[in-house]
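J.: Okay, so here is entry_8.cif, and as you'll see once you scroll down, it has mmCIF, C-alpha atoms.
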```cif
data_target
#
loop_
_atom_site.label_atom_id
_atom_site.label_comp_id
_atom_site.auth_asym_id
_atom_site.auth_seq_id
_atom_site.Cartn_x
_atom_site.Cartn_y
_atom_site.Cartn_z
CA MET A 1065 86.92 80.74 112.22
CA PRO A 1066 89.40 81.80 114.93
CA VAL A 1067 89.28 85.15 116.68
CA VAL A 1068 91.13 87.72 114.55
CA VAL A 1069 93.78 89.95 116.12
CA VAL A 1070 94.34 93.55 115.03
CA THR A 1071 97.20 95.87 115.94
CA ASP A 1072 98.70 99.09 114.60
CA SER A 1073 101.85 99.61 112.59
CA SER A 1074 103.78 100.98 115.56
CA ALA A 1075 103.97 97.39 116.85
CA SER A 1076 106.87 96.91 114.40
CA LEU A 1077 106.09 93.24 113.80
CA PRO A 1078 108.00 91.55 110.97
CA ALA A 1079 105.86 91.05 107.88
CA ASP A 1080 106.30 87.28 107.90
CA LEU A 1081 104.85 86.97 111.41
CA ILE A 1082 101.91 89.20 110.53
CA ALA A 1083 101.14 87.15 107.43
CA ASP A 1084 101.63 83.77 109.12
CA LEU A 1085 99.30 84.57 112.03
CA GLY A 1086 96.70 86.51 110.04
CA ILE A 1087 97.18 89.71 112.05
CA LEU A 1088 95.72 92.92 110.65
CA ALA A 1089 98.00 95.95 111.15
CA VAL A 1090 96.42 99.39 110.80
CA PRO A 1091 98.84 102.05 109.49
CA LEU A 1092 99.65 105.05 111.65
CA HIS A 1093 100.71 108.26 109.92
CA VAL A 1094 103.87 110.27 109.42
CA LEU A 1095 103.48 113.89 108.34
CA VAL A 1096 106.38 115.16 106.22
CA ASP A 1097 105.87 118.77 105.13
CA ASP A 1098 102.47 118.67 103.40
CA HIS A 1099 102.48 114.92 102.79
CA GLU A 1100 100.76 112.35 104.97
CA LEU A 1101 102.38 108.93 104.71
CA ARG A 1102 100.96 105.63 105.98
CA GLU A 1103 103.50 103.65 107.95
CA GLY A 1104 104.16 100.28 106.38
CA VAL A 1105 102.26 101.21 103.22
CA ASP A 1106 103.82 104.32 101.69
CA ASP A 1107 107.52 104.83 101.11
CA CYS A 1108 108.75 106.90 104.07
CA ALA A 1109 112.04 108.66 103.37
CA ILE A 1110 112.43 110.66 106.57
CA ASP A 1111 114.96 113.04 108.03
CA TYR A 1112 114.67 112.03 111.67
CA SER A 1113 116.47 115.15 112.81
CA SER A 1114 113.94 117.50 111.22
CA ALA A 1115 111.65 119.46 113.52
CA THR A 1116 108.99 119.59 110.80
CA VAL A 1117 108.27 115.84 110.77
CA THR A 1118 105.40 114.77 113.01
CA THR A 1119 103.16 111.75 113.52
CA SER A 1120 99.44 111.10 113.93
CA ALA A 1121 97.27 108.22 115.04
CA ALA A 1122 94.93 106.17 112.93
CA SER A 1123 91.47 107.73 112.68
CA PRO A 1124 88.32 106.14 114.14
CA GLY A 1125 87.17 105.54 110.57
CA GLU A 1126 90.35 103.68 109.63
CA LEU A 1127 90.17 101.56 112.75
CA ARG A 1128 86.50 100.80 112.32
CA GLU A 1129 87.18 99.61 108.78
CA ALA A 1130 89.90 97.29 110.08
CA TYR A 1131 87.76 95.98 112.95
CA GLU A 1132 84.84 95.30 110.62
CA ARG A 1133 87.10 93.44 108.21
CA ALA A 1134 88.50 91.39 111.10
CA TRP A 1135 84.97 90.71 112.34
CA MET A 1136 83.98 89.35 108.94
CA LEU A 1137 87.12 87.21 108.73
CA SER A 1138 86.39 85.77 112.17
CA GLU A 1139 82.88 84.81 111.01
CA GLY A 1140 81.50 86.06 114.29
CA ASP A 1141 84.07 84.64 116.70
CA GLY A 1142 85.29 88.12 117.54
CA VAL A 1143 88.18 90.60 117.37
CA VAL A 1144 90.95 91.53 119.80
CA ALA A 1145 92.78 94.78 118.99
CA VAL A 1146 96.12 95.42 120.72
CA HIS A 1147 97.35 99.01 120.41
CA ILE A 1148 100.16 101.32 121.46
CA SER A 1149 99.83 102.79 124.96
CA ARG A 1150 97.07 105.35 125.25
CA GLN A 1151 99.57 107.51 127.16
CA LEU A 1152 101.75 107.76 124.05
CA SER A 1153 99.20 107.91 121.24
CA SER A 1154 95.52 108.64 120.67
CA THR A 1155 95.17 105.40 118.67
CA TRP A 1156 93.54 103.45 121.52
CA GLU A 1157 91.01 106.23 122.07
CA ALA A 1158 90.28 106.33 118.33
CA GLY A 1159 89.69 102.57 118.52
CA ARG A 1160 87.27 103.04 121.40
CA GLN A 1161 85.30 105.55 119.34
CA ALA A 1162 85.34 103.20 116.35
CA VAL A 1163 83.93 100.30 118.37
CA GLN A 1164 81.06 102.40 119.71
CA ASP A 1165 79.74 102.81 116.17
CA MET A 1166 79.85 99.11 115.29
CA ASP A 1167 76.92 96.73 115.34
CA ALA A 1168 79.23 94.03 116.72
CA ALA A 1169 80.69 96.25 119.44
CA ASP A 1170 80.29 93.55 122.09
CA ARG A 1171 82.53 91.21 120.08
CA VAL A 1172 85.46 93.62 119.69
CA ARG A 1173 87.86 93.90 122.62
CA LEU A 1174 90.51 96.63 122.90
CA VAL A 1175 93.79 96.09 124.73
CA ASP A 1176 96.09 98.90 125.83
CA SER A 1177 99.56 97.33 125.47
CA LEU A 1178 100.94 99.80 128.05
CA SER A 1179 103.96 100.01 125.76
CA ALA A 1180 105.15 100.76 122.24
CA GLY A 1181 107.03 99.11 119.41
CA LEU A 1182 107.57 95.42 120.07
CA GLY A 1183 106.19 96.10 123.55
CA THR A 1184 102.91 96.17 121.65
CA GLY A 1185 104.05 93.51 119.20
CA LEU A 1186 104.77 90.73 121.70
CA PRO A 1187 101.29 90.81 123.33
CA THR A 1188 99.86 90.89 119.80
CA LEU A 1189 101.78 87.75 118.90
CA ALA A 1190 100.66 86.05 122.10
CA ALA A 1191 97.02 86.84 121.33
CA ALA A 1192 97.27 85.74 117.72
CA ARG A 1193 98.83 82.41 118.65
CA ARG A 1194 96.17 81.80 121.27
CA ALA A 1195 93.51 82.64 118.68
CA ARG A 1196 95.04 80.19 116.21
CA SER A 1197 94.71 77.44 118.81
CA GLY A 1198 90.95 77.95 118.75
CA ALA A 1199 90.65 79.88 122.01
CA THR A 1200 87.54 81.90 122.77
CA LEU A 1201 87.35 85.68 122.55
CA ASP A 1202 87.71 86.01 126.34
CA MET A 1203 90.76 83.73 126.37
CA VAL A 1204 92.49 85.63 123.56
CA TYR A 1205 91.77 88.95 125.24
CA ASP A 1206 93.07 87.71 128.61
CA THR A 1207 96.24 86.41 126.96
CA ALA A 1208 96.99 89.82 125.45
CA VAL A 1209 96.24 91.68 128.68
CA ALA A 1210 98.45 89.34 130.72
CA ALA A 1211 101.40 89.61 128.32
CA ALA A 1212 101.08 93.40 128.26
CA ALA A 1213 101.00 93.57 132.05
CA ARG A 1214 104.17 91.47 132.40
CA GLY A 1215 106.13 93.33 129.72
CA ARG A 1216 109.03 95.65 130.55
CA ALA A 1217 110.44 98.03 127.93
CA PHE A 1218 113.80 99.81 128.05
CA ILE A 1219 115.09 102.35 125.52
CA MET A 1220 118.45 104.01 125.09
CA VAL A 1221 118.49 107.17 122.98
CA ASN A 1222 121.25 109.52 121.92
CA ARG A 1223 119.35 112.67 122.86
CA THR A 1224 115.92 113.45 124.29
CA GLU A 1225 115.28 116.59 122.23
CA GLN A 1226 112.85 114.85 119.88
CA LEU A 1227 110.97 113.18 122.72
CA ARG A 1228 110.58 116.48 124.54
CA ARG A 1229 109.51 118.23 121.35
CA GLY A 1230 106.84 115.60 120.72
CA GLY A 1231 105.63 115.61 124.32
CA ARG A 1232 106.30 111.89 124.75
CA LEU A 1233 108.55 112.20 127.79
CA SER A 1234 107.14 112.42 131.30
CA THR A 1235 108.00 115.08 133.88
CA ALA A 1236 111.05 113.01 134.79
CA ALA A 1237 112.74 114.83 131.90
CA ALA A 1238 113.25 117.79 134.23
CA PHE A 1239 115.93 115.77 136.03
CA PHE A 1240 118.07 115.00 133.00
CA GLY A 1241 120.53 117.83 133.49
CA THR A 1242 122.91 118.70 130.68
CA GLU A 1243 122.59 116.14 127.92
CA LEU A 1244 126.09 116.90 126.69
CA VAL A 1245 127.42 114.97 129.67
CA THR A 1246 124.67 112.41 130.23
CA LYS A 1247 123.10 109.58 128.23
CA PRO A 1248 119.61 108.55 129.32
CA LEU A 1249 118.20 105.06 129.75
CA LEU A 1250 114.42 105.24 129.55
CA GLN A 1251 111.71 102.79 130.50
CA ILE A 1252 107.98 102.57 129.94
CA VAL A 1253 106.04 102.41 133.21
CA ASP A 1254 102.24 102.04 133.16
CA GLY A 1255 102.28 103.18 129.56
CA ARG A 1256 104.34 106.32 130.22
CA LEU A 1257 107.88 106.94 129.02
CA GLU A 1258 110.10 107.82 131.98
CA LEU A 1259 113.74 108.20 132.91
CA ARG A 1260 115.21 105.09 134.53
CA GLU A 1261 118.86 106.05 134.84
CA LYS A 1262 121.42 108.33 133.28
CA ALA A 1263 125.05 107.64 132.50
CA ARG A 1264 127.97 109.83 131.51
CA THR A 1265 128.74 107.85 128.34
CA ARG A 1266 126.86 105.75 125.81
CA SER A 1267 128.87 102.68 126.76
CA LYS A 1268 127.84 103.03 130.40
CA ALA A 1269 124.21 103.57 129.40
CA TYR A 1270 124.47 100.44 127.25
CA ALA A 1271 125.78 98.45 130.22
CA LYS A 1272 122.89 99.70 132.34
CA LEU A 1273 120.47 98.63 129.60
CA VAL A 1274 121.90 95.10 129.55
CA ALA A 1275 121.75 94.86 133.34
CA ALA A 1276 118.14 96.08 133.44
CA VAL A 1277 117.06 93.52 130.84
CA VAL A 1278 118.81 90.62 132.58
CA ASP A 1279 117.26 91.59 135.91
CA ALA A 1280 113.78 91.93 134.41
CA ALA A 1281 113.99 88.58 132.60
CA GLY A 1282 114.52 86.61 135.79
CA GLU A 1283 115.42 82.94 135.90
CA ASP A 1284 112.27 81.27 134.61
CA GLY A 1285 112.43 82.08 130.92
CA ALA A 1286 111.36 85.14 128.97
CA ALA A 1287 110.40 86.45 125.57
CA ILE A 1288 112.75 89.19 124.38
CA ALA A 1289 112.52 91.71 121.55
CA VAL A 1290 115.33 93.97 120.36
CA GLN A 1291 114.72 97.09 118.27
CA HIS A 1292 116.86 99.86 116.88
CA LEU A 1293 116.89 102.83 114.53
CA GLY A 1294 120.00 103.06 112.41
CA ALA A 1295 121.99 101.04 114.94
CA ALA A 1296 122.04 97.55 113.47
CA ASP A 1297 125.52 96.71 114.77
CA ALA A 1298 124.67 97.75 118.32
CA ALA A 1299 121.41 95.77 118.16
CA ALA A 1300 123.22 92.68 116.88
CA THR A 1301 125.81 92.93 119.66
CA LEU A 1302 123.07 93.42 122.23
CA THR A 1303 121.15 90.41 120.92
CA GLY A 1304 124.25 88.25 121.20
CA GLN A 1305 124.94 89.37 124.75
CA LEU A 1306 121.38 88.78 125.90
CA THR A 1307 121.38 85.33 124.32
CA GLU A 1308 124.33 84.46 126.54
CA LEU A 1309 123.15 86.21 129.70
CA VAL A 1310 119.42 85.49 129.85
CA PRO A 1311 118.53 81.88 130.70
CA ASP A 1312 115.85 80.17 128.62
CA ILE A 1313 114.90 82.78 126.02
CA ARG A 1314 111.60 81.37 124.79
CA GLU A 1315 111.26 83.78 121.90
CA LEU A 1316 113.58 86.33 120.34
CA VAL A 1317 112.24 88.94 117.91
CA THR A 1318 114.34 91.66 116.28
CA ALA A 1319 113.16 94.61 114.18
CA GLU A 1320 113.81 98.24 113.38
CA PHE A 1321 111.70 100.94 114.96
CA GLY A 1322 109.18 102.12 112.39
CA PRO A 1323 108.90 105.77 111.34
CA THR A 1324 106.13 106.70 113.79
CA LEU A 1325 108.39 105.80 116.71
CA GLY A 1326 111.63 106.77 114.99
CA VAL A 1327 110.47 110.37 114.63
CA HIS A 1328 110.34 110.63 118.44
CA LEU A 1329 113.33 108.46 119.36
CA GLY A 1330 115.87 109.66 116.81
CA SER A 1331 118.66 107.83 115.03
CA GLY A 1332 120.82 105.54 117.13
CA ALA A 1333 118.03 104.48 119.49
CA VAL A 1334 118.12 100.91 120.79
CA GLY A 1335 115.34 99.27 122.77
CA VAL A 1336 114.60 95.95 124.45
CA VAL A 1337 111.27 94.51 125.54
CA VAL A 1338 111.17 91.66 128.08
CA VAL A 1339 108.14 89.52 128.94
CA PRO A 1340 109.09 87.33 131.93
CA GLY A 1341 107.65 83.85 131.59
CA GLY A 1342 107.23 84.29 127.84
CA CYS A 1343 104.17 85.32 125.90
CA GLY A 1344 102.35 82.00 125.86
#
```
Written as structure tokens, how would this file's structure read?
T.:
Amino acid sequence: MPVVVVTDSSASLPADLIADLGILAVPLHVLVDDHELREGVDDCAIDYSSATVTTSAASPGELREAYERAWMLSEGDGVVAVHISRQLSSTWEAGRQAVQDMDAADRVRLVDSLSAGLGTGLPTLAAARRARSGATLDMVYDTAVAAAARGRAFIMVNRTEQLRRGGRLSTAAAFFGTELVTKPLLQIVDGRLELREKARTRSKAYAKLVAAVVDAAGEDGAAIAVQHLGAADAAATLTGQLTELVPDIRELVTAEFGPTLGVHLGSGAVGVVVVPGGCG
């Protein structure tokens, strides 16, 4: 059997891709008042503006259960688990603890995607497709690591209050100034969420986002993913523009941000992930 690829629900991968490639997605958690909801499993009706809504990583026990299931499905060929950046979530560390307790620890490889959302999803897809081709455990692992290393993620949010409250924004936040007159464009660098630029209006921030994506994509083809939270029209417009401006888009994936990211980004967020050269 092929190597089996595992990820977590923050990867935001469409259900049809997960099913088609046999990917196992471990739910992360959203805490609403006294209720703990599993992303992608339980119905999550969330007020994204509420200060009482928080998130939590998968536990080592949950991840171990998923890794052991993947190990059995692989019939010994091995498991590659691609997770959200360890700088943004404790999920990767929980995975490391889970692997230590497994008998097949040497056949389970963890990958820090250095990103979030479809920045985790695209390396996961690359690994799963390589696994389907019959590649070895080392080859599948190397494919995921390479795609993660090449990926660039850009995010435009309406306000940074939720990111600051959740501790997901780096010290660059100190330079934002008055948010009433600035709109931030963020990027993920080495797994950390940082300020890239700020603009005086959302339209100018949007233009900076498009320019950043086009520059990152280069001229030799790229995989691109567009995400949003409650901004379907903006995401559709952005997708259309990038289709015209980026030469040789080898793959285009669109999805909404899931609740575990939405809680921190807030409504109206739009993000783009670029993997120059594609994910193959």
J.: Compile the contact shell of A:Ala1271 as a PyMOL selection string: residues with an atom at most 12 Å away, counting all atoms listed in the file, same-chain residues fewer than 3 positions apart removed.
T.: chain A and resi 1220+1247-1249+1261-1268+1274-1278+1298+1301-1302+1305-1306
J.: Report the distance between atom CA of A:Ala1145 and atom CA of A:Ala1190 in Å, rounded to one decimal place.
T.: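 One can read the atom CA of A:Ala1145 to atom CA of A:Ala1190 distance as 12.2 Å.
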J.: Taking the file as shown, what set of residues would the PyMOL selection byres ((chain A and resi 1204-1213) around 8) give back, as an MDAnalysis selection string?
T.: chainID A and resid 1067 1144 1146 1173 1175:1179 1183:1184 1186:1188 1190:1192 1194:1195 1199:1203 1214:1215 1339 1342:1344
J.: Can you list, as a list in words, the residues that the PyMOL selection byres ((chain A and resi 1155-1158) around 7) selects here?
T.: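 So the PyMOL selection byres ((chain A and resi 1155-1158) around 7) ends up selecting Ala1121, Ala1122, Ser1123, Pro1124, His1147, Ile1148, Arg1150, Ser1153, Ser1154, Gly1159, Arg1160, Gln1161, Ala1162 and Asp1176 of chain A.
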J.: Point out the residue among A:Leu1316, A:Ala1115, A:Ile1110, A:Val1163 with the least atom-to-atom distance to A:Gly1285, counting all atoms listed in the file.
T.: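 Closest to A:Gly1285 of all the choices is A:Leu1316.
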J.: What's around stretch 1293-1295 of chain A at 8 Å? Count only C-alpha atoms, leave out sequence neighbours fewer than 5 positions away in its own chain, and write the answer as a ChimeraX atom specification.
T.: /A:1320-1321,1326,1330-1334
J.: Take the PyMOL selection byres ((chain A and resi 1289) around 9), apply it to the structure above, and return the hits as a list in words.
T.: Leu1182, Gly1183, Gly1185, Leu1186, Ala1287, Ile1288, Val1290, Gln1291, Thr1303, Glu1315, Leu1316, Val1317, Thr1318, Ala1319, Gly1335, Val1336, Val1337, Val1338 and Val1339 of chain A
J.: Excluding stretch 1085-1102 of chain A and residues on its chain fewer than 6 positions from it, collect all residues at most 9 Å away from it, counting only C-alpha atoms, and give them as number ranges by chain.
T.: A: 1068-1075, 1077, 1108, 1110, 1116-1123, 1126-1127, 1130-1131, 1133-1134, 1155, 1188-1189, 1192-1193, 1196, 1323-1324, 1327
J.: Nearest residue to A:Ala1281 out of A:Ser1076, A:Gln1151, A:Ser1138, A:Thr1307, using all atoms listed in the file?
T.: A:Thr1307
